[in-house]
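Participant: So here's model07.csv, just CSV, C-alpha atoms:
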```csv
chain,number,residue,atom,x,y,z
A,20,MET,CA,-9.5,12.5,-13.0
A,21,CYS,CA,-12.7,11.5,-11.4
A,22,GLY,CA,-14.0,15.0,-10.8
A,23,ALA,CA,-17.0,16.7,-12.3
A,24,PRO,CA,-15.7,18.5,-15.3
A,25,LYS,CA,-17.4,21.6,-16.5
A,26,GLN,CA,-20.3,20.7,-18.7
A,27,GLY,CA,-21.1,22.2,-22.1
A,28,GLY,CA,-18.7,24.2,-24.1
A,29,THR,CA,-16.7,23.3,-27.2
A,30,LEU,CA,-15.6,19.9,-28.3
A,31,ALA,CA,-12.2,21.3,-29.3
A,32,GLY,CA,-9.4,18.8,-28.6
A,33,ILE,CA,-11.7,15.8,-28.4
A,34,ASP,CA,-11.1,13.3,-31.2
A,35,LEU,CA,-14.6,12.4,-32.5
A,36,GLY,CA,-13.0,9.7,-34.7
A,37,THR,CA,-12.3,7.6,-31.5
A,38,GLN,CA,-14.5,9.0,-28.7
A,39,THR,CA,-18.1,8.2,-28.3
A,40,VAL,CA,-19.6,11.5,-26.9
A,41,ILE,CA,-23.1,11.5,-25.5
A,42,GLN,CA,-24.2,15.0,-24.8
A,43,GLY,CA,-27.3,17.2,-24.6
A,44,SER,CA,-29.4,19.1,-22.1
A,45,VAL,CA,-32.1,18.7,-19.5
A,46,TRP,CA,-35.3,20.5,-19.9
A,47,HIS,CA,-38.4,21.1,-17.7
A,48,ASP,CA,-41.4,23.3,-18.4
A,49,GLY,CA,-39.8,24.9,-21.5
A,50,ALA,CA,-36.5,25.8,-19.9
A,51,PRO,CA,-33.1,24.2,-19.3
A,52,VAL,CA,-32.5,22.8,-15.9
A,53,ALA,CA,-29.2,23.9,-14.3
A,54,GLY,CA,-27.7,21.8,-11.5
A,55,ALA,CA,-29.6,18.6,-12.5
A,56,TYR,CA,-27.8,15.3,-11.7
A,57,VAL,CA,-27.6,13.3,-14.9
A,58,ARG,CA,-26.4,9.7,-14.7
A,59,LEU,CA,-25.5,7.4,-17.6
A,60,LEU,CA,-26.7,3.8,-17.2
A,61,ASP,CA,-25.3,1.0,-19.3
A,62,GLY,CA,-27.3,-1.7,-21.2
A,63,THR,CA,-28.1,-3.5,-17.9
A,64,ASP,CA,-29.2,-0.2,-16.2
A,65,GLU,CA,-26.0,-0.1,-14.1
A,66,PHE,CA,-24.5,3.2,-13.2
A,67,THR,CA,-21.6,4.3,-15.4
A,68,ALA,CA,-21.1,8.0,-14.6
A,69,GLU,CA,-22.9,11.1,-13.3
A,70,VAL,CA,-22.4,14.8,-14.0
A,71,VAL,CA,-24.1,18.0,-12.8
A,72,THR,CA,-25.6,20.1,-15.6
A,73,SER,CA,-24.2,23.5,-16.5
A,74,PRO,CA,-26.1,26.8,-16.1
A,75,GLU,CA,-27.5,26.1,-19.6
A,76,GLY,CA,-28.6,22.6,-18.5
A,77,GLU,CA,-25.9,20.8,-20.5
A,78,PHE,CA,-24.3,17.4,-19.8
A,79,ARG,CA,-21.6,15.4,-21.6
A,80,PHE,CA,-20.3,11.8,-21.3
A,81,PHE,CA,-17.5,9.9,-23.0
A,82,ALA,CA,-18.8,6.4,-23.5
A,83,ALA,CA,-18.6,3.6,-26.0
A,84,PRO,CA,-20.8,2.5,-28.9
A,85,GLY,CA,-24.0,0.8,-27.6
A,86,GLU,CA,-27.3,1.2,-25.8
A,87,TRP,CA,-27.4,3.7,-22.9
A,88,THR,CA,-29.9,5.3,-20.7
A,89,LEU,CA,-29.7,8.9,-19.4
A,90,ARG,CA,-31.5,9.6,-16.1
A,91,ALA,CA,-31.9,13.1,-14.7
A,92,LEU,CA,-32.6,13.9,-11.1
A,93,ALA,CA,-33.4,17.5,-10.0
A,94,PRO,CA,-35.5,19.2,-7.3
A,95,VAL,CA,-38.2,19.6,-10.0
A,96,GLY,CA,-38.4,15.9,-10.7
A,97,LYS,CA,-37.0,13.0,-12.7
A,98,GLY,CA,-36.6,12.3,-16.4
A,99,GLN,CA,-35.2,9.5,-18.5
A,100,GLN,CA,-34.1,9.0,-22.1
A,101,ALA,CA,-32.7,6.0,-24.0
A,102,ILE,CA,-30.0,6.5,-26.6
A,103,SER,CA,-28.2,4.3,-29.1
A,104,ALA,CA,-24.7,5.7,-29.4
A,105,GLU,CA,-22.1,5.3,-32.1
A,106,THR,CA,-18.5,6.6,-32.3
A,107,GLY,CA,-18.6,10.3,-32.7
A,108,LEU,CA,-21.1,12.8,-31.4
A,109,ASN,CA,-24.5,11.6,-30.1
A,110,GLU,CA,-26.9,14.3,-28.9
A,111,THR,CA,-30.2,14.1,-27.1
A,112,THR,CA,-32.5,15.9,-24.7
A,113,VAL,CA,-33.8,14.6,-21.4
A,114,VAL,CA,-37.2,16.0,-20.4
A,115,ILE,CA,-38.4,16.2,-16.9
A,116,GLU,CA,-42.2,16.1,-17.1
B,16,MET,CA,-18.6,0.9,15.5
B,17,SER,CA,-22.0,1.2,14.0
B,18,ARG,CA,-23.8,3.3,11.4
B,19,ASN,CA,-24.7,6.0,13.9
B,20,ASP,CA,-21.0,6.4,14.8
B,21,VAL,CA,-19.8,7.0,11.3
B,22,LEU,CA,-22.7,8.5,9.4
B,23,VAL,CA,-25.0,11.5,9.9
B,24,ASN,CA,-27.9,12.5,7.9
B,25,VAL,CA,-28.7,15.9,6.4
B,26,ASP,CA,-31.2,16.8,9.1
B,27,TRP,CA,-28.5,16.2,11.8
B,28,VAL,CA,-26.1,18.5,9.9
B,29,GLN,CA,-28.6,21.3,9.6
B,30,GLU,CA,-29.4,21.1,13.3
B,31,HIS,CA,-25.7,21.2,14.2
B,32,LEU,CA,-24.5,24.0,12.0
B,33,GLY,CA,-22.2,26.4,13.9
B,34,GLN,CA,-21.9,24.2,16.8
B,35,PRO,CA,-18.4,24.4,18.4
B,36,GLY,CA,-16.4,21.2,18.2
B,37,ILE,CA,-17.9,20.1,14.9
B,38,VAL,CA,-16.1,20.9,11.6
B,39,PHE,CA,-17.9,20.4,8.3
B,40,VAL,CA,-15.5,19.7,5.4
B,41,GLU,CA,-16.5,19.6,1.7
B,42,VAL,CA,-14.2,17.4,-0.3
B,43,ASP,CA,-14.3,17.7,-4.1
B,44,GLU,CA,-12.3,17.1,-7.1
B,45,ASP,CA,-14.2,19.9,-8.8
B,46,ALA,CA,-13.5,22.6,-6.2
B,47,SER,CA,-15.6,25.1,-8.0
B,48,ALA,CA,-18.7,23.4,-6.5
B,49,TYR,CA,-17.6,24.7,-3.1
B,50,ASP,CA,-17.0,28.2,-4.4
B,51,GLY,CA,-20.5,28.3,-5.9
B,52,GLY,CA,-22.0,27.5,-2.5
B,53,HIS,CA,-21.4,25.2,0.4
B,54,ILE,CA,-22.8,24.2,3.7
B,55,GLU,CA,-22.5,27.2,6.0
B,56,GLY,CA,-19.2,27.2,7.9
B,57,ALA,CA,-17.8,24.2,5.9
B,58,VAL,CA,-14.1,24.3,5.0
B,59,LYS,CA,-12.8,23.2,1.6
B,60,PHE,CA,-10.5,20.3,0.7
B,61,ASP,CA,-9.6,20.1,-3.0
B,62,TRP,CA,-8.9,16.4,-3.5
B,63,LYS,CA,-6.0,17.0,-5.9
B,64,LYS,CA,-4.5,20.3,-4.6
B,65,ASP,CA,-4.9,19.6,-0.9
B,66,LEU,CA,-4.9,15.9,-0.5
B,67,GLN,CA,-2.4,14.6,-3.0
B,68,ASP,CA,1.4,14.9,-2.8
B,69,PRO,CA,2.3,17.6,-5.4
B,70,LEU,CA,5.2,15.5,-6.7
B,71,ARG,CA,4.9,11.8,-6.2
B,72,ARG,CA,1.7,9.8,-6.8
B,73,ASP,CA,0.8,9.4,-3.1
B,74,TYR,CA,-1.2,11.0,-0.4
B,75,LEU,CA,0.3,13.6,1.9
B,76,ASP,CA,2.9,12.5,4.4
B,77,LYS,CA,2.2,13.0,8.2
B,78,THR,CA,3.9,16.4,8.4
B,79,ALA,CA,2.0,17.7,5.4
B,80,PHE,CA,-1.3,16.3,6.7
B,81,GLU,CA,-0.7,18.0,10.0
B,82,ALA,CA,0.0,21.3,8.3
B,83,LEU,CA,-3.1,21.0,6.1
B,84,LEU,CA,-5.4,20.4,9.1
B,85,SER,CA,-3.7,23.0,11.2
B,86,SER,CA,-4.2,25.6,8.5
B,87,ARG,CA,-7.9,24.8,8.2
B,88,GLY,CA,-8.4,25.2,11.9
B,89,ILE,CA,-9.2,21.5,12.6
B,90,ALA,CA,-8.2,20.2,16.0
B,91,ASN,CA,-7.5,16.7,17.2
B,92,ASP,CA,-10.6,16.6,19.4
B,93,ASP,CA,-13.0,18.1,16.7
B,94,THR,CA,-15.7,16.0,15.2
B,95,VAL,CA,-15.1,16.1,11.5
B,96,VAL,CA,-18.1,15.7,9.2
B,97,LEU,CA,-17.1,15.1,5.5
B,98,TYR,CA,-19.3,15.5,2.5
B,99,GLY,CA,-18.9,16.2,-1.2
B,100,GLY,CA,-20.0,15.8,-4.8
B,101,ASN,CA,-19.7,12.6,-6.9
B,102,ASN,CA,-21.9,10.7,-4.5
B,103,ASN,CA,-19.4,11.3,-1.7
B,104,TRP,CA,-16.6,9.5,-3.5
B,105,PHE,CA,-13.9,12.0,-2.5
B,106,ALA,CA,-15.4,12.6,0.9
B,107,ALA,CA,-15.2,8.8,1.5
B,108,TYR,CA,-11.5,8.9,0.3
B,109,ALA,CA,-10.9,11.7,2.9
B,110,TYR,CA,-12.7,9.7,5.5
B,111,TRP,CA,-10.3,6.8,4.9
B,112,TYR,CA,-7.4,9.3,4.9
B,113,PHE,CA,-8.5,10.7,8.3
B,114,LYS,CA,-8.6,7.1,9.6
B,115,ILE,CA,-5.1,6.4,8.2
B,116,TYR,CA,-3.8,9.4,10.3
B,117,GLY,CA,-5.8,8.4,13.4
B,118,HIS,CA,-8.4,11.1,13.7
B,119,ARG,CA,-10.6,10.1,16.6
B,120,ASP,CA,-14.1,11.2,15.4
B,121,VAL,CA,-14.8,11.5,11.7
B,122,LYS,CA,-18.2,10.9,10.0
B,123,LEU,CA,-19.7,11.2,6.5
B,124,MET,CA,-22.8,13.1,5.7
B,125,ASP,CA,-25.1,10.6,4.1
B,126,GLY,CA,-26.0,11.6,0.5
B,127,GLY,CA,-23.3,14.3,0.3
B,128,ARG,CA,-23.8,17.4,-1.7
B,129,LYS,CA,-26.4,15.8,-4.0
B,130,LYS,CA,-28.8,15.0,-1.2
B,131,TRP,CA,-28.4,18.4,0.3
B,132,GLU,CA,-29.0,20.1,-3.1
B,133,LEU,CA,-32.0,17.9,-4.0
B,134,ASP,CA,-33.6,18.7,-0.7
B,135,GLY,CA,-33.2,22.4,-1.6
B,136,ARG,CA,-31.2,23.1,1.6
B,137,PRO,CA,-29.4,26.4,2.0
B,138,LEU,CA,-25.9,27.0,0.6
B,139,SER,CA,-23.5,29.8,1.6
B,140,THR,CA,-20.7,31.5,-0.3
B,141,ASP,CA,-19.2,32.9,2.9
B,142,LEU,CA,-15.7,31.6,3.7
B,143,PRO,CA,-15.3,30.3,7.2
B,144,GLU,CA,-12.8,31.9,9.5
B,145,ARG,CA,-11.1,29.3,11.8
B,146,PRO,CA,-8.0,30.1,13.8
B,147,ALA,CA,-5.1,27.8,13.0
B,148,THR,CA,-4.5,24.8,15.2
B,149,GLN,CA,-1.5,22.6,16.1
B,150,TYR,CA,-2.8,19.3,14.7
B,151,GLN,CA,-0.9,16.2,15.6
B,152,ALA,CA,-1.4,13.1,13.4
B,153,SER,CA,-0.7,9.5,14.3
B,154,GLU,CA,1.7,7.4,12.3
B,155,PRO,CA,-0.2,6.1,9.2
B,156,ASP,CA,-2.3,3.0,9.9
B,157,LEU,CA,-1.3,0.8,6.9
B,158,SER,CA,-3.7,-1.9,8.0
B,159,ILE,CA,-6.3,-0.3,5.8
B,160,ARG,CA,-4.1,0.5,2.8
B,161,ALA,CA,-3.1,-2.1,0.2
B,162,PHE,CA,-0.1,-1.8,-2.1
B,163,ARG,CA,0.4,-3.4,-5.5
B,164,ASP,CA,2.4,-6.4,-4.4
B,165,GLU,CA,-0.3,-7.4,-1.9
B,166,VAL,CA,-2.9,-7.2,-4.7
B,167,VAL,CA,-0.9,-9.5,-7.0
B,168,ALA,CA,-0.4,-11.9,-4.0
B,169,ALA,CA,-4.2,-11.7,-3.3
B,170,ILE,CA,-5.2,-13.2,-6.7
B,171,GLY,CA,-7.2,-16.3,-6.0
B,172,SER,CA,-6.9,-16.0,-2.2
B,173,LYS,CA,-8.5,-12.8,-0.9
B,174,ASN,CA,-11.7,-11.0,-1.7
B,175,LEU,CA,-10.6,-8.7,-4.5
B,176,VAL,CA,-13.6,-6.3,-5.0
B,177,ASP,CA,-13.5,-4.3,-8.2
B,178,VAL,CA,-16.0,-1.5,-7.6
B,179,ARG,CA,-15.9,0.1,-11.0
B,180,SER,CA,-18.8,0.0,-13.4
B,181,PRO,CA,-19.3,-3.3,-15.3
B,182,ASP,CA,-18.0,-1.7,-18.5
B,183,GLU,CA,-14.8,-0.7,-16.9
B,184,PHE,CA,-14.5,-4.2,-15.3
B,185,SER,CA,-14.9,-5.8,-18.7
B,186,GLY,CA,-12.5,-3.4,-20.3
B,187,LYS,CA,-15.1,-1.9,-22.6
B,188,ILE,CA,-14.2,1.6,-21.2
B,189,LEU,CA,-11.2,2.8,-19.3
B,190,ALA,CA,-12.6,5.5,-17.0
B,191,PRO,CA,-15.9,6.6,-15.7
B,192,ALA,CA,-17.9,7.9,-18.6
B,193,HIS,CA,-17.7,11.6,-17.6
B,194,LEU,CA,-14.0,11.5,-18.7
B,195,PRO,CA,-12.4,11.3,-22.1
B,196,GLN,CA,-11.5,7.6,-22.8
B,197,GLU,CA,-7.8,8.2,-23.4
B,198,GLN,CA,-5.6,6.3,-20.9
B,199,SER,CA,-2.2,4.7,-21.2
B,200,GLN,CA,-2.9,1.6,-19.1
B,201,ARG,CA,-4.4,-1.7,-20.3
B,202,ALA,CA,-8.1,-2.4,-19.9
B,203,GLY,CA,-9.6,-5.2,-17.8
B,204,HIS,CA,-9.4,-6.3,-14.2
B,205,VAL,CA,-7.3,-8.2,-11.6
B,206,PRO,CA,-7.9,-11.9,-12.1
B,207,SER,CA,-10.3,-13.5,-9.6
B,208,ALA,CA,-11.8,-10.0,-8.7
B,209,ILE,CA,-15.5,-9.8,-8.2
B,210,ASN,CA,-17.3,-6.8,-9.7
B,211,ILE,CA,-19.5,-5.2,-7.2
B,212,PRO,CA,-19.9,-1.6,-8.4
B,213,TRP,CA,-19.9,1.0,-5.7
B,214,SER,CA,-23.2,2.3,-7.0
B,215,LYS,CA,-25.0,-0.8,-5.9
B,216,ALA,CA,-24.3,0.3,-2.3
B,217,ALA,CA,-26.0,3.7,-2.8
B,218,ASN,CA,-29.5,5.0,-3.5
B,219,GLU,CA,-30.1,7.3,-6.4
B,220,ASP,CA,-30.0,10.4,-4.1
B,221,GLY,CA,-26.5,9.4,-3.0
B,222,THR,CA,-27.4,8.0,0.4
B,223,PHE,CA,-26.2,4.6,1.5
B,224,LYS,CA,-28.6,1.6,1.3
B,225,SER,CA,-29.7,0.1,4.6
B,226,ASP,CA,-27.4,-2.3,6.5
B,227,GLU,CA,-29.7,-5.2,5.6
B,228,GLN,CA,-29.6,-4.3,1.9
B,229,LEU,CA,-25.9,-3.9,2.0
B,230,ALA,CA,-25.3,-7.2,3.8
B,231,ALA,CA,-27.5,-9.0,1.2
B,232,LEU,CA,-25.7,-7.3,-1.7
B,233,TYR,CA,-22.2,-8.5,-0.8
B,234,ALA,CA,-23.4,-12.0,0.2
B,235,GLU,CA,-25.2,-12.4,-3.2
B,236,GLN,CA,-22.1,-11.3,-5.2
B,237,GLY,CA,-19.9,-13.9,-3.7
B,238,PHE,CA,-18.1,-11.9,-1.0
B,239,ASP,CA,-16.5,-14.5,1.4
B,240,ASP,CA,-16.5,-13.3,5.1
B,241,SER,CA,-13.8,-15.7,6.0
B,242,LYS,CA,-11.2,-14.0,3.7
B,243,GLU,CA,-9.3,-10.7,3.9
B,244,THR,CA,-10.4,-8.1,1.4
B,245,ILE,CA,-8.9,-5.5,-0.9
B,246,ALA,CA,-11.1,-3.0,-2.7
B,247,TYR,CA,-10.0,-1.1,-5.8
B,248,CYS,CA,-11.3,1.1,-8.6
B,249,ARG,CA,-9.5,3.4,-10.9
B,250,ILE,CA,-7.8,6.0,-8.6
B,251,GLY,CA,-9.0,4.8,-5.2
B,252,GLU,CA,-11.9,7.1,-4.4
B,253,ARG,CA,-14.8,4.9,-5.4
B,254,SER,CA,-13.1,2.0,-3.6
B,255,SER,CA,-12.9,4.2,-0.5
B,256,HIS,CA,-16.7,4.4,-0.7
B,257,THR,CA,-16.9,0.6,-0.7
B,258,TRP,CA,-14.2,0.3,2.0
B,259,PHE,CA,-16.4,2.6,4.1
B,260,VAL,CA,-19.4,0.3,3.5
B,261,LEU,CA,-17.6,-2.9,4.2
B,262,GLN,CA,-15.5,-1.9,7.2
B,263,GLU,CA,-17.4,1.0,8.8
B,264,LEU,CA,-21.1,0.2,8.1
B,265,LEU,CA,-21.0,-3.6,7.9
B,266,GLY,CA,-18.1,-4.1,10.4
B,267,LYS,CA,-16.2,-6.5,8.2
B,268,LYS,CA,-12.6,-7.2,9.3
B,269,ASN,CA,-9.3,-6.8,7.5
B,270,VAL,CA,-10.6,-4.7,4.6
B,271,LYS,CA,-8.0,-2.6,2.7
B,272,ASN,CA,-8.3,0.1,0.1
B,273,TYR,CA,-5.9,-0.2,-2.8
B,274,ASP,CA,-5.6,3.5,-3.8
B,275,GLY,CA,-3.1,2.7,-6.5
B,276,SER,CA,-6.0,1.0,-8.2
B,277,TRP,CA,-6.4,0.4,-11.9
B,278,VAL,CA,-4.3,3.4,-12.9
B,279,GLU,CA,-1.4,1.7,-11.3
B,280,TYR,CA,-2.3,-2.0,-11.8
B,281,GLY,CA,-3.2,-1.6,-15.4
B,282,SER,CA,0.2,0.0,-16.1
B,283,LEU,CA,2.4,-2.6,-14.3
B,284,VAL,CA,4.6,-4.7,-16.5
B,285,GLY,CA,4.1,-8.4,-16.4
B,286,VAL,CA,1.1,-8.7,-14.0
B,287,PRO,CA,-1.8,-10.9,-15.0
B,288,ILE,CA,-5.0,-9.2,-16.3
B,289,GLU,CA,-8.3,-10.6,-17.2
B,290,LYS,CA,-10.9,-9.2,-19.5
```
Once more with this new file: its structure as structure tokens, please.

Facilitator:
Amino acid sequence: MCGAPKQGGTLAGIDLGTQTVIQGSVWHDGAPVAGAYVRLLDGTDEFTAEVVTSPEGEFRFFAAPGEWTLRALAPVGKGQQAISAETGLNETTVVIE
Amino acid sequence: MSRNDVLVNVDWVQEHLGQPGIVFVEVDEDASAYDGGHIEGAVKFDWKKDLQDPLRRDYLDKTAFEALLSSRGIANDDTVVLYGGNNNWFAAYAYWYFKIYGHRDVKLMDGGRKKWELDGRPLSTDLPERPATQYQASEPDLSIRAFRDEVVAAIGSKNLVDVRSPDEFSGKILAPAHLPQEQSQRAGHVPSAINIPWSKAANEDGTFKSDEQLAALYAEQGFDDSKETIAYCRIGERSSHTWFVLQELLGKKNVKNYDGSWVEYGSLVGVPIEK
């Protein structure tokens, strides 16, 4: 459903042969940022989804192969990271300067 | 009806905390957000557990809606202010729902939980104590709810506004990308639908864009003011957000939310689909 599933944790039960998982964490000043709003933007910079990072600063999306942008918004600031995803697990870090 | 009648900002909420006659309601699909901290005094609605029929795919009937509001201590003459996560998607769904059952004074908090959190405003874990009421709902107002046959009949004649992301509209993905992409229904969209993602109506902090920006957005995307309108998404919550924009903020007439949305339409046998 369209809720905000718990972020982080294992990938058990997720078929990495069919799913394109984009996951990682948000960092600021050498520490993970909990409660950051991370949105996944498509190749035209349009909103596709948004999650709130876990206490460890983690986020996870289920997308499709292609070019994506991750954008993080938190009280400490904003950060952005481009990623080229393929079927399977794609990991990155978004840094808020 | 204007923006000030249906929308309050976070400052207004903070100034009105604890005021009798106003009930703040957090509406989430992820109810753990509320449990971790909510606006002081706010009651919780869990979109799935509280607002959906436990057996059929439908919203609550009138009797169940009355029981829910009564148990939460909400009275007919209370001002209800809704907010939630996911950029107010589920709060907008609840707003539409309160309108279906004829609640007199209901508003959204602009920006929802995200705006409140980004501002660093206080959250409380105290649970409110509100004595039960005897809430009386009206018969459902179906002038704002579309069913599947109306959607099929609207192809090529009404504004069909698909508010999902472009990749869902094109069939590249089947659900918002925070969810695993395993769904039974077909991918694509209703023929003749125009894709105006809900997100184009909102700023990055979750607040709605200005009336001028919103009016320009729909005009540019081919929205025809002379036609009736049906908005849909996947399960009817993002389209509630757009229904709110079109009918409540912009004052457009004859706008319906199709809460069956793509989960229903994409599973129907024999209906036309475009990709």

Participant: May I have a table of the residues of chain A lying at most 10 Å from chain B, giving each one's closest pair of atoms and their distance in Å to one decimal, counting all atoms listed in the file, ordered by chain and ascending residue number, as CSV?

Facilitator:
```
residue,atom,partner,partner_atom,distance
A:Met20,CA,B:Leu194,CA,7.3
A:Cys21,CA,B:Glu44,CA,7.1
A:Gly22,CA,B:Glu44,CA,4.6
A:Ala23,CA,B:Asp45,CA,5.5
A:Pro24,CA,B:Asp45,CA,6.8
A:Lys25,CA,B:Asp45,CA,8.5
A:Gln26,CA,B:His193,CA,9.5
A:Ile33,CA,B:Pro195,CA,7.8
A:Asp34,CA,B:Pro195,CA,9.4
A:Thr37,CA,B:Gln196,CA,8.7
A:Gln38,CA,B:Gln196,CA,6.8
A:Thr39,CA,B:Gln196,CA,8.6
A:Val40,CA,B:Pro195,CA,8.7
A:Ile41,CA,B:Ala192,CA,9.4
A:Gly54,CA,B:Glu132,CA,8.7
A:Ala55,CA,B:Leu133,CA,8.9
A:Tyr56,CA,B:Lys129,CA,7.8
A:Arg58,CA,B:His193,CA,9.4
A:Leu59,CA,B:Ala192,CA,7.7
A:Leu60,CA,B:Ser180,CA,9.6
A:Asp61,CA,B:Asp182,CA,7.8
A:Gly62,CA,B:Asp182,CA,9.7
A:Thr63,CA,B:Pro181,CA,9.2
A:Glu65,CA,B:Ser180,CA,7.2
A:Phe66,CA,B:Ser214,CA,6.4
A:Thr67,CA,B:Ser180,CA,5.5
A:Ala68,CA,B:Ala192,CA,5.1
A:Glu69,CA,B:His193,CA,6.8
A:Val70,CA,B:His193,CA,6.7
A:Val71,CA,B:Asn101,CA,9.1
A:Phe78,CA,B:His193,CA,9.1
A:Arg79,CA,B:His193,CA,6.8
A:Phe80,CA,B:His193,CA,4.5
A:Phe81,CA,B:Ala192,CA,4.8
A:Ala82,CA,B:Ala192,CA,5.2
A:Ala83,CA,B:Ile188,CA,6.8
A:Pro84,CA,B:Lys187,CA,9.6
A:Leu92,CA,B:Leu133,CA,8.2
A:Ala93,CA,B:Leu133,CA,6.2
A:Pro94,CA,B:Leu133,CA,5.0
A:Val95,CA,B:Leu133,CA,8.8
A:Gly96,CA,B:Leu133,CA,9.5
```

Participant: Grab the CA of Ala169 (chain B) to CA of Glu289 (chain B) distance for me, in Å with one decimal place.

Facilitator: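 Computing the Euclidean distance for CA of Ala169 (chain B) and CA of Glu289 (chain B) yields 14.5 Å.
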
Participant: Could you give me, as a PyMOL selection string, the residues within 6 Å of region 137-144 of chain B, counting all atoms listed in the file and dropping anything in the same chain fewer than 6 positions from it?

Facilitator: chain B and resi 52-56

Participant: Please indicate the distance in Å from CA of Leu261 (chain B) to CA of Asn210 (chain B), rounded to one decimal place.

Facilitator: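 Separation of CA of Leu261 (chain B) and CA of Asn210 (chain B): 14.4 Å.
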
Participant: Could you please determine the separation between CA of Thr78 (chain B) and CA of Gln151 (chain B) in Å, to one decimal place?

Facilitator: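 If I compute the distance from CA of Thr78 (chain B) to CA of Gln151 (chain B), I get 8.7 Å.
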
Participant: Counting all atoms listed in the file, figure out which residue out of A:Leu108, A:Ile102, A:Val45, A:Leu89 gets nearest to Thr72 (chain A).

Facilitator: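 Smallest separation from Thr72 (chain A) among the options: A:Val45.
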
Participant: Looking at all atoms listed in the file, which of A:Ala101, A:Val113, A:Gly27, A:Val52 is the one that sits closest to Glu77 (chain A)?

Facilitator: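 Closest residue, counting all atoms listed in the file: A:Gly27.
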
Participant: Quick one: residues within 9 Å of Gly117 (chain B), only C-alpha atoms, excluding same-chain residues fewer than 6 positions away - as a ChimeraX atom specification?

Facilitator: /B:152-156

Participant: Kindly save the residues from that selection, with C-alpha atoms included, as a CSV table (one decimal), keeping the file's coordinate frame.

Facilitator:
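Saved result, selection.csv, follows:
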```csv
chain,number,residue,atom,x,y,z
B,152,ALA,CA,-1.4,13.1,13.4
B,153,SER,CA,-0.7,9.5,14.3
B,154,GLU,CA,1.7,7.4,12.3
B,155,PRO,CA,-0.2,6.1,9.2
B,156,ASP,CA,-2.3,3.0,9.9
```

Participant: Find, counting all atoms listed in the file, the residue in B:Gly51, B:Gly171, B:Tyr110, B:Thr244 that gets nearest to Pro74 (chain A).

Facilitator: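 Smallest distance to Pro74 (chain A) is found for B:Gly51.
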
Participant: Nearest residue to Lys173 (chain B) out of B:Ile209, B:Ala82, B:Val286, B:Ile37, using only C-alpha atoms?

Facilitator: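 Ranked by minimum distance to Lys173 (chain B), first place goes to B:Ile209.
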
Participant: What lies within 12 Å of Ser207 (chain B) using all atoms listed in the file, ignoring chain neighbours under 5 positions off, as an mmCIF file with C-alpha atoms, in the coordinates of the input?

Facilitator:
```
data_model
loop_
_atom_site.group_PDB
_atom_site.id
_atom_site.type_symbol
_atom_site.label_atom_id
_atom_site.label_comp_id
_atom_site.auth_asym_id
_atom_site.auth_seq_id
_atom_site.Cartn_x
_atom_site.Cartn_y
_atom_site.Cartn_z
ATOM 1 C CA VAL B 166 -2.900 -7.200 -4.700
ATOM 2 C CA VAL B 167 -0.900 -9.500 -7.000
ATOM 3 C CA ALA B 168 -0.400 -11.900 -4.000
ATOM 4 C CA ALA B 169 -4.200 -11.700 -3.300
ATOM 5 C CA ILE B 170 -5.200 -13.200 -6.700
ATOM 6 C CA GLY B 171 -7.200 -16.300 -6.000
ATOM 7 C CA SER B 172 -6.900 -16.000 -2.200
ATOM 8 C CA LYS B 173 -8.500 -12.800 -0.900
ATOM 9 C CA ASN B 174 -11.700 -11.000 -1.700
ATOM 10 C CA LEU B 175 -10.600 -8.700 -4.500
ATOM 11 C CA VAL B 176 -13.600 -6.300 -5.000
ATOM 12 C CA ASP B 177 -13.500 -4.300 -8.200
ATOM 13 C CA PHE B 184 -14.500 -4.200 -15.300
ATOM 14 C CA GLY B 237 -19.900 -13.900 -3.700
ATOM 15 C CA PHE B 238 -18.100 -11.900 -1.000
ATOM 16 C CA ILE B 245 -8.900 -5.500 -0.900
ATOM 17 C CA PRO B 287 -1.800 -10.900 -15.000
ATOM 18 C CA ILE B 288 -5.000 -9.200 -16.300
ATOM 19 C CA GLU B 289 -8.300 -10.600 -17.200
ATOM 20 C CA LYS B 290 -10.900 -9.200 -19.500
#
```

Participant: Set the distance at 7 Å and use all atoms listed in the file: which residues neighbour His47 (chain A) once local chain neighbours fewer than 6 positions away are removed? I'd like the list as a list in words.

Facilitator: Val114, Ile115 and Glu116 of chain A

Participant: Using only C-alpha atoms for the distances, tell me which of B:Ala217, B:Leu75, B:His31, B:Ile211 is nearest to Ala234 (chain B).

Facilitator: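 That would be B:Ile211, the residue with the smallest distance to Ala234 (chain B).
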
Participant: Restricting the calculation to all atoms listed in the file, which member of B:Pro146, B:Gly221, B:Gly36, B:Gly285 is positioned closest to Val95 (chain B)?

Facilitator: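 The closest residue to Val95 (chain B) is B:Gly36.
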